[in-house]
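The file model_13.cif comes next; it holds mmCIF, C-alpha atoms.
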```
data_target
#
loop_
_atom_site.label_atom_id
_atom_site.label_comp_id
_atom_site.auth_asym_id
_atom_site.auth_seq_id
_atom_site.Cartn_x
_atom_site.Cartn_y
_atom_site.Cartn_z
CA GLN A 121 3.01 86.05 -119.80
CA VAL A 122 5.41 83.12 -120.08
CA GLN A 123 4.55 79.99 -118.14
CA LEU A 124 6.90 77.13 -117.33
CA VAL A 125 5.64 73.59 -116.83
CA GLU A 126 7.86 70.93 -115.28
CA SER A 127 7.38 67.20 -115.64
CA GLY A 128 9.25 63.98 -115.00
CA GLY A 129 9.48 63.93 -111.22
CA GLY A 130 8.59 60.92 -109.13
CA LEU A 131 9.82 58.26 -106.75
CA VAL A 132 13.04 56.46 -107.56
CA GLN A 133 15.37 54.15 -105.67
CA PRO A 134 18.90 55.23 -104.75
CA GLY A 135 21.19 54.81 -107.73
CA GLY A 136 18.32 55.27 -110.15
CA SER A 137 17.71 57.90 -112.81
CA LEU A 138 15.08 60.44 -113.72
CA ARG A 139 14.76 62.99 -116.49
CA LEU A 140 13.04 66.27 -115.77
CA SER A 141 11.59 68.45 -118.51
CA CYS A 142 10.52 72.08 -118.45
CA ALA A 143 8.54 73.50 -121.34
CA THR A 144 7.67 77.14 -121.91
CA SER A 145 4.25 78.32 -122.99
CA GLY A 146 5.52 80.70 -125.63
CA ARG A 147 8.31 81.29 -128.08
CA ILE A 148 11.47 82.58 -126.45
CA VAL A 149 13.52 84.79 -128.77
CA GLY A 150 16.93 86.20 -127.96
CA PHE A 151 19.50 85.47 -125.33
CA ASN A 152 18.16 83.70 -122.27
CA THR A 153 19.11 81.30 -119.53
CA MET A 154 17.07 78.36 -118.31
CA GLY A 155 17.86 76.16 -115.39
CA TRP A 156 16.91 74.34 -112.26
CA TYR A 157 16.86 74.98 -108.55
CA ARG A 158 15.73 72.61 -105.85
CA GLN A 159 14.39 72.91 -102.33
CA ALA A 160 14.43 70.13 -99.78
CA PRO A 161 12.17 70.21 -96.70
CA GLY A 162 13.49 72.65 -94.13
CA LYS A 163 16.26 73.89 -96.41
CA GLN A 164 16.81 76.91 -98.60
CA ARG A 165 16.36 76.73 -102.33
CA GLU A 166 19.66 75.87 -103.98
CA PHE A 167 21.03 76.16 -107.49
CA VAL A 168 21.34 72.91 -109.47
CA ALA A 169 22.21 73.73 -113.07
CA ALA A 170 21.71 76.30 -115.82
CA ILE A 171 22.16 76.56 -119.57
CA THR A 172 22.18 79.59 -121.82
CA SER A 173 20.59 79.84 -125.24
CA GLY A 174 24.14 79.45 -126.55
CA ASP A 175 24.47 76.12 -124.71
CA ILE A 176 26.90 77.31 -122.07
CA THR A 177 26.26 75.29 -118.94
CA ASN A 178 26.90 75.66 -115.25
CA THR A 179 26.35 72.84 -112.75
CA ALA A 180 26.49 72.79 -108.96
CA ASN A 181 29.39 70.87 -107.48
CA SER A 182 26.98 68.75 -105.46
CA VAL A 183 25.53 67.19 -108.64
CA LYS A 184 28.41 67.52 -111.09
CA GLY A 185 29.14 64.23 -112.82
CA ARG A 186 25.66 62.91 -112.02
CA PHE A 187 23.27 65.52 -113.46
CA THR A 188 23.34 66.86 -117.00
CA ILE A 189 21.41 69.87 -118.24
CA SER A 190 20.47 70.28 -121.88
CA ARG A 191 17.95 72.17 -123.97
CA ASP A 192 16.08 72.07 -127.23
CA ASN A 193 15.86 75.65 -128.49
CA ALA A 194 13.37 74.72 -131.20
CA LYS A 195 10.98 73.55 -128.48
CA ASP A 196 12.03 76.09 -125.83
CA THR A 197 12.43 73.18 -123.45
CA VAL A 198 15.14 72.42 -120.92
CA TYR A 199 15.96 68.99 -119.54
CA LEU A 200 17.74 67.71 -116.46
CA GLN A 201 19.06 64.17 -116.69
CA MET A 202 19.67 62.90 -113.18
CA ASN A 203 21.71 59.74 -112.69
CA SER A 204 23.07 57.97 -109.62
CA LEU A 205 20.41 59.60 -107.50
CA LYS A 206 20.92 59.80 -103.76
CA PRO A 207 18.43 60.32 -100.91
CA ASP A 208 19.95 63.81 -100.47
CA ASP A 209 18.65 64.67 -103.94
CA THR A 210 15.10 64.48 -102.60
CA ALA A 211 13.52 67.88 -103.15
CA VAL A 212 11.06 69.89 -105.18
CA TYR A 213 12.80 70.85 -108.40
CA TYR A 214 11.93 74.21 -109.91
CA CYS A 215 12.58 75.32 -113.45
CA TYR A 216 13.37 78.95 -114.19
CA LEU A 217 13.83 81.20 -117.19
CA ASN A 218 15.85 84.39 -117.14
CA TRP A 219 14.89 86.39 -120.22
CA GLY A 220 15.48 90.06 -120.73
CA LEU A 221 14.91 91.78 -117.43
CA ARG A 222 12.44 89.22 -116.12
CA GLU A 223 12.59 85.92 -114.36
CA TYR A 224 9.95 83.22 -114.60
CA TRP A 225 9.46 80.14 -112.42
CA GLY A 226 7.61 76.89 -112.72
CA ARG A 227 5.52 75.42 -109.93
CA GLY A 228 7.98 72.61 -109.26
CA THR A 229 8.07 68.85 -109.52
CA GLN A 230 8.73 66.50 -106.62
CA VAL A 231 11.67 64.13 -106.77
CA THR A 232 11.89 61.54 -104.03
CA VAL A 233 14.84 59.18 -103.76
CA SER A 234 14.08 56.37 -101.36
CA SER A 235 14.25 52.61 -101.07
#
```

Rewritten as structure tokens:
Amino acid sequence: QVQLVESGGGLVQPGGSLRLSCATSGRIVGFNTMGWYRQAPGKQREFVAAITSGDITNTANSVKGRFTISRDNAKDTVYLQMNSLKPDDTAVYYCYLNWGLREYWGRGTQVTVSS
């Protein structure tokens, strides 16, 4: 069973930056996609960004130009660099892995943007 563990969340002021990490518990072999969703209080979970094992990326328009997704395949770890953070970015950020016919999710990490 693959487990995903997120880290890097926290409290940051508007305009600040954070870097989220998501590490897998095992070795991921073959084509796969890793990425991030987020869920703000009272709202549905929404897509943020994704990256394939071939480094093809997709980023939501709401964060394009501010957030950058990347991965280290040797470490089976995905990162989300978040710059120019806004209060609207406040949410629990969830990492996911789509591998084969299965999907795996992390427990989430809280990001709060507030002065």

Any idea what's packed within 7 Å of Gly226 in chain A, counting only C-alpha atoms, ignoring anything in its chain fewer than 5 positions away? Could you give it as a PyMOL selection string?
chain A and resi 123-126+214-216

Quick one: of A:Val231, A:Leu138, A:Met154, A:Leu221, who's nearest to Arg191 in chain A, counting all atoms listed in the file?
A:Met154

Once the PyMOL selection byres ((chain A and resi 170) around 6) has been evaluated on this model, what residues remain selected, and can you format them as a PDB file with C-alpha atoms, keeping the file's coordinate frame?
```pdb
ATOM      1  CA  MET A 154      17.070  78.360-118.310  1.00  0.00           C
ATOM      2  CA  GLY A 155      17.860  76.160-115.390  1.00  0.00           C
ATOM      3  CA  ALA A 169      22.210  73.730-113.070  1.00  0.00           C
ATOM      4  CA  ILE A 171      22.160  76.560-119.570  1.00  0.00           C
ATOM      5  CA  THR A 177      26.260  75.290-118.940  1.00  0.00           C
ATOM      6  CA  ASN A 178      26.900  75.660-115.250  1.00  0.00           C
TER       7      ASN A 178
END
```

Once the PyMOL selection byres ((chain A and resi 235) around 10) has been evaluated on this model, what residues remain selected, and can you format them as a VMD selection string?
chain A and resid 131 to 135 207 232 to 234

Could you tell me, as a PyMOL selection string, exactly which residues end up selected when the PyMOL selection byres ((chain A and resi 152) around 6) is applied to this structure?
chain A and resi 151+153+172-173+218-219

Requested file, range 201-219 of chain A restricted to N, CA, C and O atoms, as a PDB file, in the first residue's frame:
```pdb
ATOM      1  N   GLN A 201       5.828  24.812  -5.288  1.00  0.00           N
ATOM      2  CA  GLN A 201       6.361  26.109  -4.876  1.00  0.00           C
ATOM      3  C   GLN A 201       5.270  27.145  -5.048  1.00  0.00           C
ATOM      4  O   GLN A 201       4.772  27.342  -6.164  1.00  0.00           O
ATOM      5  N   MET A 202       4.905  27.798  -3.962  1.00  0.00           N
ATOM      6  CA  MET A 202       3.808  28.759  -3.983  1.00  0.00           C
ATOM      7  C   MET A 202       4.348  30.140  -3.658  1.00  0.00           C
ATOM      8  O   MET A 202       4.859  30.366  -2.551  1.00  0.00           O
ATOM      9  N   ASN A 203       4.245  31.043  -4.602  1.00  0.00           N
ATOM     10  CA  ASN A 203       4.712  32.421  -4.426  1.00  0.00           C
ATOM     11  C   ASN A 203       3.538  33.386  -4.505  1.00  0.00           C
ATOM     12  O   ASN A 203       2.463  33.027  -4.997  1.00  0.00           O
ATOM     13  N   SER A 204       3.765  34.595  -4.063  1.00  0.00           N
ATOM     14  CA  SER A 204       2.738  35.640  -4.117  1.00  0.00           C
ATOM     15  C   SER A 204       1.416  35.136  -3.559  1.00  0.00           C
ATOM     16  O   SER A 204       0.352  35.309  -4.182  1.00  0.00           O
ATOM     17  N   LEU A 205       1.471  34.532  -2.413  1.00  0.00           N
ATOM     18  CA  LEU A 205       0.279  33.915  -1.831  1.00  0.00           C
ATOM     19  C   LEU A 205      -0.760  34.956  -1.460  1.00  0.00           C
ATOM     20  O   LEU A 205      -0.437  36.080  -1.038  1.00  0.00           O
ATOM     21  N   LYS A 206      -2.018  34.569  -1.635  1.00  0.00           N
ATOM     22  CA  LYS A 206      -3.151  35.434  -1.342  1.00  0.00           C
ATOM     23  C   LYS A 206      -4.024  34.779  -0.261  1.00  0.00           C
ATOM     24  O   LYS A 206      -4.009  33.558  -0.114  1.00  0.00           O
ATOM     25  N   PRO A 207      -4.822  35.561   0.440  1.00  0.00           N
ATOM     26  CA  PRO A 207      -5.738  34.953   1.416  1.00  0.00           C
ATOM     27  C   PRO A 207      -6.646  33.884   0.797  1.00  0.00           C
ATOM     28  O   PRO A 207      -6.984  32.905   1.465  1.00  0.00           O
ATOM     29  N   ASP A 208      -7.010  34.054  -0.467  1.00  0.00           N
ATOM     30  CA  ASP A 208      -7.848  33.056  -1.153  1.00  0.00           C
ATOM     31  C   ASP A 208      -7.143  31.722  -1.353  1.00  0.00           C
ATOM     32  O   ASP A 208      -7.788  30.733  -1.702  1.00  0.00           O
ATOM     33  N   ASP A 209      -5.840  31.693  -1.155  1.00  0.00           N
ATOM     34  CA  ASP A 209      -5.102  30.426  -1.274  1.00  0.00           C
ATOM     35  C   ASP A 209      -5.198  29.601   0.004  1.00  0.00           C
ATOM     36  O   ASP A 209      -4.721  28.456   0.040  1.00  0.00           O
ATOM     37  N   THR A 210      -5.789  30.163   1.038  1.00  0.00           N
ATOM     38  CA  THR A 210      -5.956  29.442   2.295  1.00  0.00           C
ATOM     39  C   THR A 210      -6.808  28.197   2.083  1.00  0.00           C
ATOM     40  O   THR A 210      -7.935  28.283   1.582  1.00  0.00           O
ATOM     41  N   ALA A 211      -6.253  27.052   2.453  1.00  0.00           N
ATOM     42  CA  ALA A 211      -6.952  25.783   2.234  1.00  0.00           C
ATOM     43  C   ALA A 211      -6.113  24.647   2.802  1.00  0.00           C
ATOM     44  O   ALA A 211      -4.943  24.848   3.164  1.00  0.00           O
ATOM     45  N   VAL A 212      -6.701  23.483   2.845  1.00  0.00           N
ATOM     46  CA  VAL A 212      -5.927  22.256   3.078  1.00  0.00           C
ATOM     47  C   VAL A 212      -5.485  21.749   1.714  1.00  0.00           C
ATOM     48  O   VAL A 212      -6.309  21.584   0.811  1.00  0.00           O
ATOM     49  N   TYR A 213      -4.209  21.515   1.572  1.00  0.00           N
ATOM     50  CA  TYR A 213      -3.648  21.066   0.305  1.00  0.00           C
ATOM     51  C   TYR A 213      -3.379  19.559   0.382  1.00  0.00           C
ATOM     52  O   TYR A 213      -2.694  19.091   1.290  1.00  0.00           O
ATOM     53  N   TYR A 214      -3.929  18.851  -0.592  1.00  0.00           N
ATOM     54  CA  TYR A 214      -3.823  17.399  -0.633  1.00  0.00           C
ATOM     55  C   TYR A 214      -2.974  16.969  -1.818  1.00  0.00           C
ATOM     56  O   TYR A 214      -3.171  17.426  -2.945  1.00  0.00           O
ATOM     57  N   CYS A 215      -2.068  16.063  -1.548  1.00  0.00           N
ATOM     58  CA  CYS A 215      -1.253  15.459  -2.591  1.00  0.00           C
ATOM     59  C   CYS A 215      -1.942  14.189  -3.093  1.00  0.00           C
ATOM     60  O   CYS A 215      -2.608  13.491  -2.311  1.00  0.00           O
ATOM     61  N   TYR A 216      -1.791  13.898  -4.364  1.00  0.00           N
ATOM     62  CA  TYR A 216      -2.336  12.645  -4.881  1.00  0.00           C
ATOM     63  C   TYR A 216      -1.368  12.002  -5.859  1.00  0.00           C
ATOM     64  O   TYR A 216      -0.494  12.665  -6.433  1.00  0.00           O
ATOM     65  N   LEU A 217      -1.556  10.708  -6.020  1.00  0.00           N
ATOM     66  CA  LEU A 217      -0.774   9.911  -6.971  1.00  0.00           C
ATOM     67  C   LEU A 217      -1.747   9.055  -7.770  1.00  0.00           C
ATOM     68  O   LEU A 217      -2.557   8.334  -7.198  1.00  0.00           O
ATOM     69  N   ASN A 218      -1.658   9.164  -9.069  1.00  0.00           N
ATOM     70  CA  ASN A 218      -2.435   8.329  -9.968  1.00  0.00           C
ATOM     71  C   ASN A 218      -1.463   7.372 -10.634  1.00  0.00           C
ATOM     72  O   ASN A 218      -0.605   7.794 -11.423  1.00  0.00           O
ATOM     73  N   TRP A 219      -1.580   6.089 -10.293  1.00  0.00           N
ATOM     74  CA  TRP A 219      -0.576   5.106 -10.723  1.00  0.00           C
ATOM     75  C   TRP A 219      -1.286   3.817 -11.087  1.00  0.00           C
ATOM     76  O   TRP A 219      -1.942   3.215 -10.230  1.00  0.00           O
TER      77      TRP A 219
END
```
